[in-house]
>>> print(open('run12.txt').read())   # compact mmCIF, C-alpha atoms
# COMPACT_ATOMS: atom_id res chain seq x y z
CA MET A 1 134.10 104.21 81.05
CA ALA A 2 133.73 100.69 79.75
CA THR A 3 134.53 100.81 76.05
CA THR A 4 134.64 97.90 73.63
CA TYR A 5 138.41 98.30 73.67
CA HIS A 6 138.67 97.56 77.38
CA LYS A 7 136.11 94.79 77.18
CA THR A 8 138.15 93.12 74.45
CA ILE A 9 141.32 93.43 76.52
CA THR A 10 139.62 91.79 79.49
CA ALA A 11 138.23 88.98 77.36
CA VAL A 12 141.61 88.33 75.71
CA GLY A 13 143.33 88.44 79.11
CA LEU A 14 140.89 85.92 80.58
CA ILE A 15 141.27 83.56 77.61
CA PHE A 16 145.08 83.73 77.90
CA LEU A 17 144.84 83.12 81.63
CA PHE A 18 142.76 80.00 81.08
CA HIS A 19 145.14 78.93 78.35
CA ALA A 20 148.08 79.29 80.71
CA ALA A 21 146.29 77.20 83.33
CA TYR A 22 145.47 74.57 80.75
CA SER A 23 149.11 74.49 79.55
CA ALA A 24 150.30 74.01 83.11
CA ALA A 25 147.90 71.08 83.59
CA GLN A 26 149.06 69.60 80.28
CA HIS A 27 152.68 69.95 81.33
CA ARG A 28 152.02 68.09 84.59
CA SER A 29 150.25 65.24 82.84
CA PHE A 30 153.07 65.07 80.25
CA LEU A 31 155.60 64.77 83.10
CA ARG A 32 153.53 62.02 84.73
CA LEU A 33 153.33 60.04 81.50
CA THR A 34 157.05 60.29 80.83
CA GLU A 35 157.78 59.64 84.55
CA GLN A 36 159.96 62.69 85.03
CA GLU A 37 160.45 64.61 88.26
CA PHE A 38 158.53 67.94 88.52
CA THR A 39 160.86 70.87 89.14
CA SER A 40 159.15 73.97 87.78
CA LEU A 41 156.80 75.11 85.03
CA PRO A 42 158.26 76.10 81.65
CA VAL A 43 159.14 79.81 81.44
CA ASP A 44 156.70 80.54 78.63
CA VAL A 45 153.73 79.32 80.70
CA ILE A 46 154.77 81.44 83.71
CA VAL A 47 155.27 84.53 81.55
CA GLN A 48 151.94 83.96 79.82
CA GLY A 49 150.19 83.60 83.16
CA ILE A 50 151.65 86.78 84.63
CA VAL A 51 151.15 88.89 81.51
CA SER A 52 147.56 87.77 81.04
CA LEU A 53 146.83 88.41 84.74
CA PHE A 54 147.99 92.02 84.41
CA LEU A 55 146.11 92.39 81.14
CA THR A 56 142.88 91.26 82.82
CA MET A 57 143.47 93.55 85.79
CA TYR A 58 143.99 96.52 83.49
CA GLY A 59 140.79 95.80 81.58
CA VAL A 60 138.66 95.16 84.69
CA MET A 61 139.81 98.43 86.22
CA TYR A 62 138.18 100.36 83.37
CA ILE A 63 135.04 98.19 83.23
CA ALA A 64 134.28 98.39 86.94
CA GLY A 65 133.39 102.10 86.68
CA ASP A 66 134.85 105.40 87.76
CA PHE A 67 137.02 105.68 90.81
CA LYS A 68 135.68 107.47 93.85
CA GLU A 69 137.57 110.23 95.56
CA ILE A 70 139.26 108.87 98.68
CA ARG A 71 138.96 112.10 100.65
CA ALA A 72 135.79 112.19 102.72
CA THR A 73 135.15 115.87 102.10
CA GLU A 74 135.13 115.60 98.32
CA GLU A 75 131.59 114.28 98.08
CA LEU A 76 130.24 116.98 100.36
CA GLN A 77 131.84 119.84 98.43
CA SER A 78 128.91 120.19 96.08
CA LYS A 79 126.28 119.89 98.79
CA THR A 80 124.40 123.03 99.56
CA TRP A 81 122.53 124.16 102.62
CA GLU A 82 119.40 124.15 100.48
CA THR A 83 119.27 120.34 100.42
CA GLN A 84 121.02 119.86 103.75
CA ARG A 85 118.41 121.77 105.71
CA ASN A 86 115.58 119.91 104.04
CA LEU A 87 114.19 117.27 106.41
CA PRO A 88 111.62 115.04 104.68
CA SER A 89 110.30 113.41 107.84
CA PHE A 90 109.53 116.80 109.41
CA TYR A 91 107.73 118.43 106.48
CA CYS A 92 105.04 120.89 107.46
CA PHE A 93 102.21 121.26 104.98
CA ASN A 94 100.40 124.33 106.20
CA HIS A 95 102.41 126.77 104.11
CA ARG A 96 101.41 129.16 101.35
CA GLY A 97 101.88 126.48 98.68
CA ARG A 98 98.20 125.66 98.69
CA LEU A 99 97.34 129.18 97.57
CA LEU A 100 99.64 128.88 94.57
CA ARG A 101 97.54 126.26 92.88
CA SER A 102 96.58 128.48 89.97
CA TYR A 103 98.66 126.41 87.56
CA SER A 104 96.46 123.37 88.00
CA MET B 105 110.92 115.06 78.20
CA HIS B 106 111.49 111.35 77.77
CA TRP B 107 110.34 109.15 80.62
CA SER B 108 113.83 107.80 81.32
CA GLU B 109 115.17 111.36 81.68
CA ALA B 110 112.29 112.14 84.01
CA ARG B 111 113.08 109.03 86.02
CA ASP B 112 116.74 110.03 86.40
CA LEU B 113 115.82 113.55 87.42
CA VAL B 114 113.29 112.36 89.98
CA ARG B 115 115.78 109.85 91.32
CA LYS B 116 118.38 112.57 91.71
CA TRP B 117 115.92 114.70 93.67
CA ARG B 118 115.03 111.74 95.85
CA GLU B 119 118.65 110.96 96.64
CA ASP B 120 119.66 114.58 97.23
CA ASN B 121 116.49 115.07 99.26
CA ALA B 122 115.52 118.21 97.39
CA ARG B 123 112.09 119.63 98.08
CA LYS B 124 110.99 120.29 94.52
CA SER B 125 107.36 119.47 95.02
CA GLN B 126 105.83 121.63 92.32
CA GLU B 127 108.29 120.57 89.63
CA LEU B 128 107.81 116.98 90.73
CA VAL B 129 104.04 117.12 90.31
CA GLU B 130 104.43 118.81 86.93
CA ILE B 131 106.79 116.09 85.70
CA TRP B 132 104.45 113.47 87.07
CA GLU B 133 101.48 114.84 85.20
CA SER B 134 103.26 115.53 81.93
CA THR B 135 105.46 112.44 81.64
CA LEU B 136 105.62 109.86 84.37
CA LYS B 137 101.95 109.21 85.07
CA ASP B 138 101.39 107.13 81.92
CA LYS B 139 104.78 105.43 82.01
CA VAL B 140 105.00 104.55 85.67
CA HIS B 141 104.62 100.81 85.04
CA LYS B 142 107.85 100.91 83.01
CA LEU B 143 109.92 101.82 86.07
CA GLY B 144 109.82 98.34 87.57
CA ASP B 145 110.28 98.21 91.33
CA GLU B 146 111.35 101.82 91.41
CA GLN B 147 107.79 102.90 90.60
CA PHE B 148 106.67 102.48 94.20
CA GLN B 149 109.40 104.76 95.46
CA VAL B 150 108.45 107.28 92.79
CA LEU B 151 104.78 106.97 93.73
CA GLU B 152 105.60 107.64 97.37
CA GLN B 153 107.77 110.59 96.44
CA VAL B 154 105.12 112.07 94.15
CA CYS B 155 102.48 111.50 96.79
CA ILE B 156 104.43 113.55 99.34
CA GLY B 157 105.15 116.20 96.70
CA ALA B 158 101.46 116.40 95.80
CA ILE B 159 100.49 116.76 99.45
CA ASP B 160 103.09 119.51 99.71
CA CYS B 161 101.48 121.35 96.76
CA HIS B 162 98.04 120.65 98.13
CA ARG B 163 97.16 118.60 95.06
CA ILE B 164 95.01 116.16 96.97
CA ASP B 165 93.68 114.58 93.76
CA VAL B 166 97.18 113.52 92.68
CA ALA B 167 98.03 112.33 96.17
CA GLU B 168 94.84 110.26 96.30
CA TYR B 169 95.70 108.66 92.97
CA CYS B 170 99.21 107.67 94.10
CA LEU B 171 97.95 106.45 97.43
CA LYS B 172 95.34 104.25 95.76
CA LYS B 173 97.98 102.68 93.52
CA LEU B 174 100.27 102.05 96.47
CA THR B 175 97.50 100.61 98.62
CA SER B 176 96.58 98.10 95.94
CA GLN B 177 100.17 96.83 96.04
CA PHE B 178 100.96 97.00 99.77
CA LYS B 179 97.82 96.53 101.82
CA ASP B 180 98.99 96.83 105.39
CA SER B 181 102.17 98.84 105.17
CA SER B 182 103.10 101.45 107.77
CA ARG B 183 104.52 103.72 105.09
CA ILE B 184 101.10 103.87 103.43
CA LEU B 185 99.49 104.72 106.75
CA LEU B 186 102.04 107.47 107.19
CA LEU B 187 101.10 108.92 103.81
CA SER B 188 97.42 108.90 104.64
CA ALA B 189 98.21 110.66 107.93
CA MET B 190 100.13 113.28 105.95
CA GLU B 191 97.12 113.77 103.73
CA PHE B 192 94.99 114.51 106.79
CA GLU B 193 97.65 116.97 107.89
CA ALA B 194 97.52 118.77 104.55
CA VAL B 195 93.79 119.43 104.93
CA GLU B 196 94.41 120.40 108.56
CA MET B 197 92.47 117.50 110.06
CA TYR B 198 95.17 117.08 112.66
CA ASP B 199 93.14 115.00 115.09
CA ASP B 200 92.48 112.31 112.49
CA ALA B 201 96.16 112.31 111.57
CA ILE B 202 97.20 111.95 115.22
CA GLU B 203 94.74 109.08 115.63
CA ILE B 204 96.41 107.15 112.81
CA LEU B 205 99.88 107.97 114.14
CA ASP B 206 99.04 106.91 117.69
CA ALA B 207 97.74 103.60 116.39
CA MET B 208 100.97 103.14 114.45
CA ILE B 209 103.12 103.88 117.50
CA LYS B 210 101.11 101.39 119.53
CA ARG B 211 101.57 98.74 116.87
CA ASP B 212 105.31 99.22 116.52
CA GLU B 213 107.08 101.19 119.22
CA THR B 214 110.43 101.09 117.45
CA ASN B 215 109.23 102.91 114.34
CA PRO B 216 110.50 106.48 114.53
CA ALA B 217 108.53 107.85 111.55
CA PRO B 218 105.10 108.34 113.19
CA ARG B 219 106.70 109.97 116.24
CA LYS B 220 108.46 112.41 113.97
CA ARG B 221 105.21 113.21 112.17
CA LYS B 222 103.55 113.98 115.49
CA ILE B 223 106.30 116.47 116.24
CA ALA B 224 105.86 117.98 112.77
CA ILE B 225 102.14 118.37 113.50
CA LEU B 226 102.94 120.26 116.69
CA ARG B 227 105.15 122.54 114.67
CA SER B 228 102.47 123.04 112.00
CA ARG B 229 100.08 124.10 114.71
CA GLY B 230 102.59 126.65 115.92
CA ARG B 231 103.19 125.00 119.28
CA THR B 232 106.95 125.26 119.11
CA ILE B 233 107.58 124.83 122.83
CA GLU B 234 105.58 121.59 122.92
CA ALA B 235 107.35 120.41 119.77
CA ILE B 236 110.72 121.03 121.42
CA LYS B 237 109.66 119.07 124.48
CA ALA B 238 108.38 116.17 122.38
CA LEU B 239 111.53 116.21 120.29
CA THR B 240 113.85 116.11 123.29
CA ASP B 241 111.87 113.14 124.59
CA TYR B 242 112.16 111.53 121.19
CA LEU B 243 115.92 112.10 121.12
CA LYS B 244 116.28 110.40 124.48
CA ARG B 245 115.06 107.23 122.80
CA PHE B 246 116.55 107.71 119.34
CA ALA B 247 119.78 109.56 120.05
CA ILE B 248 121.42 108.92 116.68
CA ASP B 249 118.67 110.46 114.57
CA GLN B 250 120.50 113.25 112.76
CA GLU B 251 117.40 114.69 111.14
CA ALA B 252 115.85 115.07 114.57
CA TRP B 253 118.90 116.89 115.93
CA GLN B 254 118.76 119.24 112.99
CA GLU B 255 115.05 119.85 113.46
CA LEU B 256 115.62 120.51 117.17
CA CYS B 257 118.30 123.02 116.23
CA ASP B 258 115.84 124.81 113.92
CA LEU B 259 113.17 124.86 116.61
CA TYR B 260 115.58 126.31 119.17
CA LEU B 261 116.58 128.97 116.65
CA ILE B 262 112.92 129.91 116.22
CA GLU B 263 112.77 130.36 119.98
CA GLN B 264 116.11 132.23 119.91
CA GLU B 265 117.71 129.74 122.29
CA TYR B 266 121.08 130.05 120.61
CA GLY B 267 123.08 128.17 123.24
CA LYS B 268 120.89 125.09 122.97
CA ALA B 269 120.79 125.32 119.17
CA ALA B 270 124.59 125.39 119.19
CA PHE B 271 124.59 122.22 121.30
CA CYS B 272 122.44 120.44 118.68
CA MET B 273 124.77 121.59 115.93
CA GLU B 274 127.77 120.29 117.88
CA GLU B 275 126.00 116.95 118.09
CA LEU B 276 125.56 116.98 114.30
CA ILE B 277 129.22 117.80 113.80
CA LEU B 278 130.08 114.77 115.92
CA HIS B 279 128.00 112.68 113.53
CA ASN B 280 129.43 114.31 110.38
CA PRO B 281 132.86 115.75 111.11
CA HIS B 282 133.52 116.23 107.39
CA ASN B 283 130.44 118.21 106.49
CA HIS B 284 131.43 121.83 106.00
CA LEU B 285 127.81 123.01 106.14
CA PHE B 286 127.38 122.04 109.78
CA HIS B 287 130.59 123.83 110.75
CA GLU B 288 129.42 126.89 108.90
CA ARG B 289 126.03 126.74 110.60
CA LEU B 290 127.52 126.43 114.08
CA ALA B 291 129.78 129.37 113.34
CA GLU B 292 126.75 131.39 112.29
CA ILE B 293 124.95 130.55 115.51
CA ARG B 294 128.00 131.54 117.57
CA TYR B 295 128.37 134.77 115.59
CA THR B 296 124.70 135.58 116.21
CA GLN B 297 125.16 134.99 119.93
CA GLY B 298 127.86 137.63 120.00
CA GLY B 299 130.35 138.35 122.75
CA PHE B 300 134.09 137.98 122.46
CA ASP B 301 134.36 134.27 123.36
CA ASN B 302 131.58 133.27 120.98
CA LEU B 303 133.18 135.29 118.20
CA GLU B 304 136.44 133.46 118.79
CA SER B 305 134.69 130.11 118.51
CA ALA B 306 132.76 131.31 115.42
CA ARG B 307 136.08 132.19 113.84
CA SER B 308 137.49 128.71 114.44
CA TYR B 309 134.39 127.00 113.02
CA TYR B 310 134.36 129.24 109.94
CA CYS B 311 138.02 128.37 109.43
CA GLN B 312 137.26 124.67 109.74
CA ALA B 313 134.40 124.98 107.24
CA LEU B 314 136.74 126.66 104.80
CA LYS B 315 139.38 124.03 105.40
CA LEU B 316 136.86 121.37 104.41
CA ASN B 317 135.57 123.30 101.41
CA ARG B 318 137.64 126.16 100.06
CA ASN B 319 134.80 127.49 97.96
CA ASN B 320 132.21 128.01 100.66
CA MET B 321 131.31 131.62 99.91
CA ARG B 322 129.04 132.07 102.90
CA ALA B 323 131.81 130.94 105.25
CA LEU B 324 134.21 133.38 103.60
CA PHE B 325 131.87 136.30 104.19
CA GLY B 326 131.19 135.04 107.70
CA LEU B 327 134.88 134.75 108.48
CA TYR B 328 135.47 138.26 107.19
CA LEU B 329 132.74 139.72 109.39
CA THR B 330 133.79 137.69 112.44
CA ALA B 331 137.41 138.68 112.09
CA TYR B 332 136.34 142.30 111.68
CA SER B 333 134.27 142.13 114.86
CA ILE B 334 137.14 140.53 116.75
CA ALA B 335 139.60 143.13 115.53
CA THR B 336 137.40 146.02 116.59
CA SER B 337 136.38 144.49 119.91
CA GLN B 338 137.65 146.26 123.02
CA LYS B 339 138.63 143.01 124.73
CA CYS B 340 140.98 142.09 121.94
CA VAL B 341 144.69 142.08 122.73
CA SER B 342 147.04 143.40 120.10
CA ALA B 343 148.48 140.02 119.09
CA LYS B 344 145.01 138.71 118.32
CA LYS B 345 144.17 141.93 116.53
CA LYS B 346 147.00 141.29 114.13
CA GLU B 347 145.84 137.75 113.53
CA ALA B 348 142.29 138.92 112.91
CA HIS B 349 143.51 141.49 110.42
CA SER B 350 145.45 138.90 108.47
CA LEU B 351 142.39 136.63 108.43
CA MET B 352 140.31 139.53 107.14
CA SER B 353 142.65 140.30 104.31
CA TRP B 354 142.89 136.59 103.42
CA ALA B 355 139.11 136.21 103.30
CA MET B 356 138.78 139.40 101.28
CA LYS B 357 141.38 138.18 98.84
CA ARG B 358 139.63 134.83 98.40
CA ILE B 359 136.24 136.49 97.91
CA SER B 360 137.42 138.89 95.24
CA GLN B 361 139.39 136.12 93.57
CA ARG B 362 136.29 133.93 93.39
CA TYR B 363 134.25 136.82 92.04
CA LYS B 364 136.84 137.55 89.37
CA GLU B 365 136.78 133.91 88.30
CA THR B 366 133.04 133.82 87.80
CA ALA B 367 131.85 137.41 87.32
CA ALA B 368 130.57 138.10 83.84
CA ASP B 369 131.30 141.83 83.81
CA LYS B 370 132.99 144.48 85.87
CA SER B 371 129.81 145.87 87.42
CA GLN B 372 129.54 142.79 89.64
CA ILE B 373 133.01 143.35 91.07
CA ASP B 374 132.17 146.99 91.70
CA ALA B 375 128.99 145.89 93.46
CA LEU B 376 131.07 143.55 95.64
CA GLU B 377 133.37 146.38 96.66
CA GLY B 378 130.40 148.52 97.59
CA LEU B 379 128.96 145.62 99.56
CA MET B 380 132.15 145.09 101.54
CA GLY B 381 132.15 148.78 102.47
CA SER B 382 128.59 148.64 103.75
CA LEU B 383 129.18 145.35 105.59
CA GLN B 384 131.86 147.05 107.67
CA LEU B 385 129.56 149.91 108.53
CA GLY B 386 126.78 147.50 109.41
CA SER B 387 128.87 145.39 111.75
CA ASN B 388 130.31 148.51 113.35
CA SER B 389 126.92 149.54 114.64
CA ASN B 390 126.44 146.11 116.20
CA LEU B 391 129.36 146.43 118.55
>>> encode(input="run12.txt", output="structure tokens")
Amino acid sequence: MATTYHKTITAVGLIFLFHAAYSAAQHRSFLRLTEQEFTSLPVDVIVQGIVSLFLTMYGVMYIAGDFKEIRATEELQSKTWETQRNLPSFYCFNHRGRLLRSYS
Amino acid sequence: MHWSEARDLVRKWREDNARKSQELVEIWESTLKDKVHKLGDEQFQVLEQVCIGAIDCHRIDVAEYCLKKLTSQFKDSSRILLLSAMEFEAVEMYDDAIEILDAMIKRDETNPAPRKRKIAILRSRGRTIEAIKALTDYLKRFAIDQEAWQELCDLYLIEQEYGKAAFCMEELILHNPHNHLFHERLAEIRYTQGGFDNLESARSYYCQALKLNRNNMRALFGLYLTAYSIATSQKCVSAKKKEAHSLMSWAMKRISQRYKETAADKSQIDALEGLMGSLQLGSNSNL
């Protein structure tokens, strides 16, 4: 179930993710200005990106709703013959129901 | 009841395809009628559902009301026409209903609904043989219509054509290999047919039904009876007899286990034991 707790986690994760992206862009422009060669991103930006990605994934998993059973039979377990045998497009109306109208 | 609760309940019935016509009309009159505009786009589905329910209860006044509301929204819809044909059916003016349905078929040959209604009318009039013929013709055109296969199976069962009914059930199993109810039903048909080979096949289908749903009580009882009949059959070789006996004791064990889990007091378990005794006697006389 989507609680405020999981919503907060998702929001925080997303903000961190954007922050990591912004830091990376900043780093690139800093390198361009100081005319240095680009080798790799600083470790803290990479770590922040990965951690916030997992944080967001964790939060989204709870917000998206309950998981469905993967086995095909699971959904049919609770079905009964009572509803299975009922065919709406072949209803016949000439049954005794009309004589039970006393409640109206 | 609050209108949102009523909406959820009605939606559940619609999705499960439960035929709760009387309850539906009661809920409609007590709660939903005044609040129907709050349902948004769902209101038209609810109106259609209530209309069919009202026709089913022979509450023509309610049906008329729903139909009027729907007509004002959708002037020339085939679903509305279908509802008005159903209303004619309910008051047994079948010729007028068929007239509407024929016009609908002429207008759109690919619409299966009016063809199905015509078959239902044949059944209402008690002309089962004609209904079967019409339905087989229908299935030649619309071979993937599962409802129609199921209806054909029912019609064959009315006529006691068990072999053909079994064929329809097999078709349904091909469509839904994971539905335990169809396996159980086919097993029941085979068991009713009788004879050693049919009993063998009934046993396998009961087993498959139980494999798909361990808690299918009807299949457990069916398996017990089938295994009993196999074990006491004269054609049965001793190896199969042994297998049938082990199946019997397994089914018995499962049944009593289930009863112990849910039974409120001991008298129910005693009643079960008495029942199992009489079931054996009953099936003995059939052989």
>>> closest_atom_pairs(input="run12.txt", of="chain A", to="chain B", cutoff="12 Å", atoms="all atoms listed in the file", output="tab-separated table")
residue	atom	partner	partner_atom	distance
A:Arg71	CA	B:His282	CA	9.6
A:Ala72	CA	B:His282	CA	6.6
A:Thr73	CA	B:His282	CA	5.5
A:Glu74	CA	B:Asn317	CA	8.3
A:Glu75	CA	B:Asn283	CA	9.4
A:Leu76	CA	B:Asn283	CA	6.3
A:Gln77	CA	B:Asn317	CA	5.9
A:Ser78	CA	B:Asn317	CA	9.1
A:Lys79	CA	B:Leu285	CA	8.1
A:Thr80	CA	B:Leu285	CA	7.4
A:Trp81	CA	B:Leu285	CA	6.4
A:Glu82	CA	B:Ala122	CA	7.7
A:Thr83	CA	B:Ala122	CA	5.3
A:Gln84	CA	B:Leu285	CA	7.9
A:Arg85	CA	B:Gln254	CA	7.7
A:Asn86	CA	B:Asn121	CA	6.9
A:Leu87	CA	B:Glu251	CA	6.3
A:Pro88	CA	B:Asn121	CA	7.3
A:Ser89	CA	B:Lys220	CA	6.5
A:Phe90	CA	B:Ala224	CA	5.1
A:Tyr91	CA	B:Ala224	CA	6.6
A:Cys92	CA	B:Ser228	CA	5.6
A:Phe93	CA	B:Ala194	CA	5.3
A:Asn94	CA	B:Ser228	CA	6.3
A:His95	CA	B:Asp160	CA	8.5
A:Arg96	CA	B:Cys161	CA	9.1
A:Gly97	CA	B:Cys161	CA	5.5
A:Arg98	CA	B:His162	CA	5.0
A:Leu99	CA	B:His162	CA	8.6
A:Leu100	CA	B:Cys161	CA	8.1
A:Arg101	CA	B:Cys161	CA	7.4
A:Ser102	CA	B:Cys161	CA	11.0
A:Tyr103	CA	B:Glu130	CA	9.6
A:Ser104	CA	B:Arg163	CA	8.5
>>> residues_around(input="run12.txt", residues="stretch 139-149 of chain B", least_positions_apart="2", cutoff="9 Å", atoms="all atoms listed in the file", output="list in words")
Trp107, Ser108, Arg111, Arg118, Thr135, Leu136, Lys137, Leu151, Glu152, Gln153, Val154, Lys173, Leu174 and Gln177 of chain B
>>> axis_aligned_box(input="run12.txt", around="stretch 46-58 of chain A", padding_each_side="8 Å", output="JSON")
{"center_x": 149.1, "center_y": 89.0, "center_z": 82.8, "size_x": 28.4, "size_y": 31.1, "size_z": 22.0}
>>> residues_around(input="run12.txt", residues="A:Phe38", least_positions_apart="6", cutoff="12 Å", atoms="all atoms listed in the file", output="PDB file with C-alpha atoms, in the coordinates of the input")
ATOM      1  CA  ALA A  24     150.300  74.010  83.110  1.00  0.00           C
ATOM      2  CA  HIS A  27     152.680  69.950  81.330  1.00  0.00           C
ATOM      3  CA  ARG A  28     152.020  68.090  84.590  1.00  0.00           C
ATOM      4  CA  SER A  29     150.250  65.240  82.840  1.00  0.00           C
ATOM      5  CA  PHE A  30     153.070  65.070  80.250  1.00  0.00           C
ATOM      6  CA  LEU A  31     155.600  64.770  83.100  1.00  0.00           C
ATOM      7  CA  ARG A  32     153.530  62.020  84.730  1.00  0.00           C
TER       8      ARG A  32
END
>>> closest_residue(input="run12.txt", among="A:Gln48, A:Thr39, A:Thr3, A:Thr34", to="A:Leu17", atoms="all atoms listed in the file")
A:Gln48
>>> residues_around(input="run12.txt", residues="B:Ala110", least_positions_apart="5", cutoff="10 Å", atoms="only C-alpha atoms", output="ChimeraX atom specification")
/B:105,115-116,128,131-132,134-136
>>> residues_near_point(input="run12.txt", point="(131.5, 96.5, 81.1)", cutoff="9 Å", atoms="all atoms listed in the file", output="PyMOL selection string")
chain A and resi 1-4+6-7+60+62-65
>>> write_last_selection(input="run12.txt", atoms="C-alpha atoms", output="mmCIF file, keeping the file's coordinate frame")
data_model
loop_
_atom_site.group_PDB
_atom_site.id
_atom_site.type_symbol
_atom_site.label_atom_id
_atom_site.label_comp_id
_atom_site.auth_asym_id
_atom_site.auth_seq_id
_atom_site.Cartn_x
_atom_site.Cartn_y
_atom_site.Cartn_z
ATOM 1 C CA MET A 1 134.100 104.210 81.050
ATOM 2 C CA ALA A 2 133.730 100.690 79.750
ATOM 3 C CA THR A 3 134.530 100.810 76.050
ATOM 4 C CA THR A 4 134.640 97.900 73.630
ATOM 5 C CA HIS A 6 138.670 97.560 77.380
ATOM 6 C CA LYS A 7 136.110 94.790 77.180
ATOM 7 C CA VAL A 60 138.660 95.160 84.690
ATOM 8 C CA TYR A 62 138.180 100.360 83.370
ATOM 9 C CA ILE A 63 135.040 98.190 83.230
ATOM 10 C CA ALA A 64 134.280 98.390 86.940
ATOM 11 C CA GLY A 65 133.390 102.100 86.680
#
>>> residues_around(input="run12.txt", residues="stretch 327-331 of chain B", least_positions_apart="4", cutoff="10 Å", atoms="only C-alpha atoms", output="PDB file with C-alpha atoms, in the frame of the given file")
ATOM      1  CA  GLU B 288     129.420 126.890 108.900  1.00  0.00           C
ATOM      2  CA  ALA B 291     129.780 129.370 113.340  1.00  0.00           C
ATOM      3  CA  GLU B 292     126.750 131.390 112.290  1.00  0.00           C
ATOM      4  CA  ARG B 294     128.000 131.540 117.570  1.00  0.00           C
ATOM      5  CA  TYR B 295     128.370 134.770 115.590  1.00  0.00           C
ATOM      6  CA  GLY B 298     127.860 137.630 120.000  1.00  0.00           C
ATOM      7  CA  ASN B 302     131.580 133.270 120.980  1.00  0.00           C
ATOM      8  CA  LEU B 303     133.180 135.290 118.200  1.00  0.00           C
ATOM      9  CA  GLU B 304     136.440 133.460 118.790  1.00  0.00           C
ATOM     10  CA  SER B 305     134.690 130.110 118.510  1.00  0.00           C
ATOM     11  CA  ALA B 306     132.760 131.310 115.420  1.00  0.00           C
ATOM     12  CA  ARG B 307     136.080 132.190 113.840  1.00  0.00           C
ATOM     13  CA  SER B 308     137.490 128.710 114.440  1.00  0.00           C
ATOM     14  CA  TYR B 309     134.390 127.000 113.020  1.00  0.00           C
ATOM     15  CA  TYR B 310     134.360 129.240 109.940  1.00  0.00           C
ATOM     16  CA  CYS B 311     138.020 128.370 109.430  1.00  0.00           C
ATOM     17  CA  ALA B 313     134.400 124.980 107.240  1.00  0.00           C
ATOM     18  CA  LEU B 314     136.740 126.660 104.800  1.00  0.00           C
ATOM     19  CA  MET B 321     131.310 131.620  99.910  1.00  0.00           C
ATOM     20  CA  ARG B 322     129.040 132.070 102.900  1.00  0.00           C
ATOM     21  CA  ALA B 323     131.810 130.940 105.250  1.00  0.00           C
ATOM     22  CA  ALA B 335     139.600 143.130 115.530  1.00  0.00           C
ATOM     23  CA  THR B 336     137.400 146.020 116.590  1.00  0.00           C
ATOM     24  CA  SER B 337     136.380 144.490 119.910  1.00  0.00           C
ATOM     25  CA  LYS B 344     145.010 138.710 118.320  1.00  0.00           C
ATOM     26  CA  LYS B 345     144.170 141.930 116.530  1.00  0.00           C
ATOM     27  CA  GLU B 347     145.840 137.750 113.530  1.00  0.00           C
ATOM     28  CA  ALA B 348     142.290 138.920 112.910  1.00  0.00           C
ATOM     29  CA  HIS B 349     143.510 141.490 110.420  1.00  0.00           C
ATOM     30  CA  SER B 350     145.450 138.900 108.470  1.00  0.00           C
ATOM     31  CA  LEU B 351     142.390 136.630 108.430  1.00  0.00           C
ATOM     32  CA  MET B 352     140.310 139.530 107.140  1.00  0.00           C
ATOM     33  CA  SER B 353     142.650 140.300 104.310  1.00  0.00           C
ATOM     34  CA  TRP B 354     142.890 136.590 103.420  1.00  0.00           C
ATOM     35  CA  ALA B 355     139.110 136.210 103.300  1.00  0.00           C
ATOM     36  CA  MET B 356     138.780 139.400 101.280  1.00  0.00           C
ATOM     37  CA  ILE B 359     136.240 136.490  97.910  1.00  0.00           C
ATOM     38  CA  MET B 380     132.150 145.090 101.540  1.00  0.00           C
ATOM     39  CA  LEU B 383     129.180 145.350 105.590  1.00  0.00           C
ATOM     40  CA  GLN B 384     131.860 147.050 107.670  1.00  0.00           C
ATOM     41  CA  GLY B 386     126.780 147.500 109.410  1.00  0.00           C
ATOM     42  CA  SER B 387     128.870 145.390 111.750  1.00  0.00           C
ATOM     43  CA  ASN B 388     130.310 148.510 113.350  1.00  0.00           C
TER      44      ASN B 388
END
>>> atom_distance(input="run12.txt", atom1="atom CA of A:Leu14", atom2="atom CA of A:Thr56")
6.1 Å
>>> closest_residue(input="run12.txt", among="A:Ile70, A:Met61, A:Leu55, A:Ile50", to="A:Ile9", atoms="all atoms listed in the file")
A:Leu55
>>> atom_distance(input="run12.txt", atom1="atom CA of B:Cys272", atom2="atom CA of B:Cys257")
5.5 Å
>>> atom_distance(input="run12.txt", atom1="atom CA of B:Ile233", atom2="atom CA of B:Ile262")
9.9 Å
>>> closest_residue(input="run12.txt", among="A:Ile15, A:Thr8, A:Glu35, A:Ala20", to="A:Val47", atoms="all atoms listed in the file")
A:Ala20
>>> residues_around(input="run12.txt", residues="B:Gln372", least_positions_apart="6", cutoff="12 Å", atoms="all atoms listed in the file", output="ChimeraX atom specification")
/B:360,362-366,378-379
>>> residues_near_point(input="run12.txt", point="(98.2, 104.7, 102.3)", cutoff="12 Å", atoms="all atoms listed in the file", output="NGL selection string")
:B and (148 or 151-152 or 155-156 or 167-192 or 204)
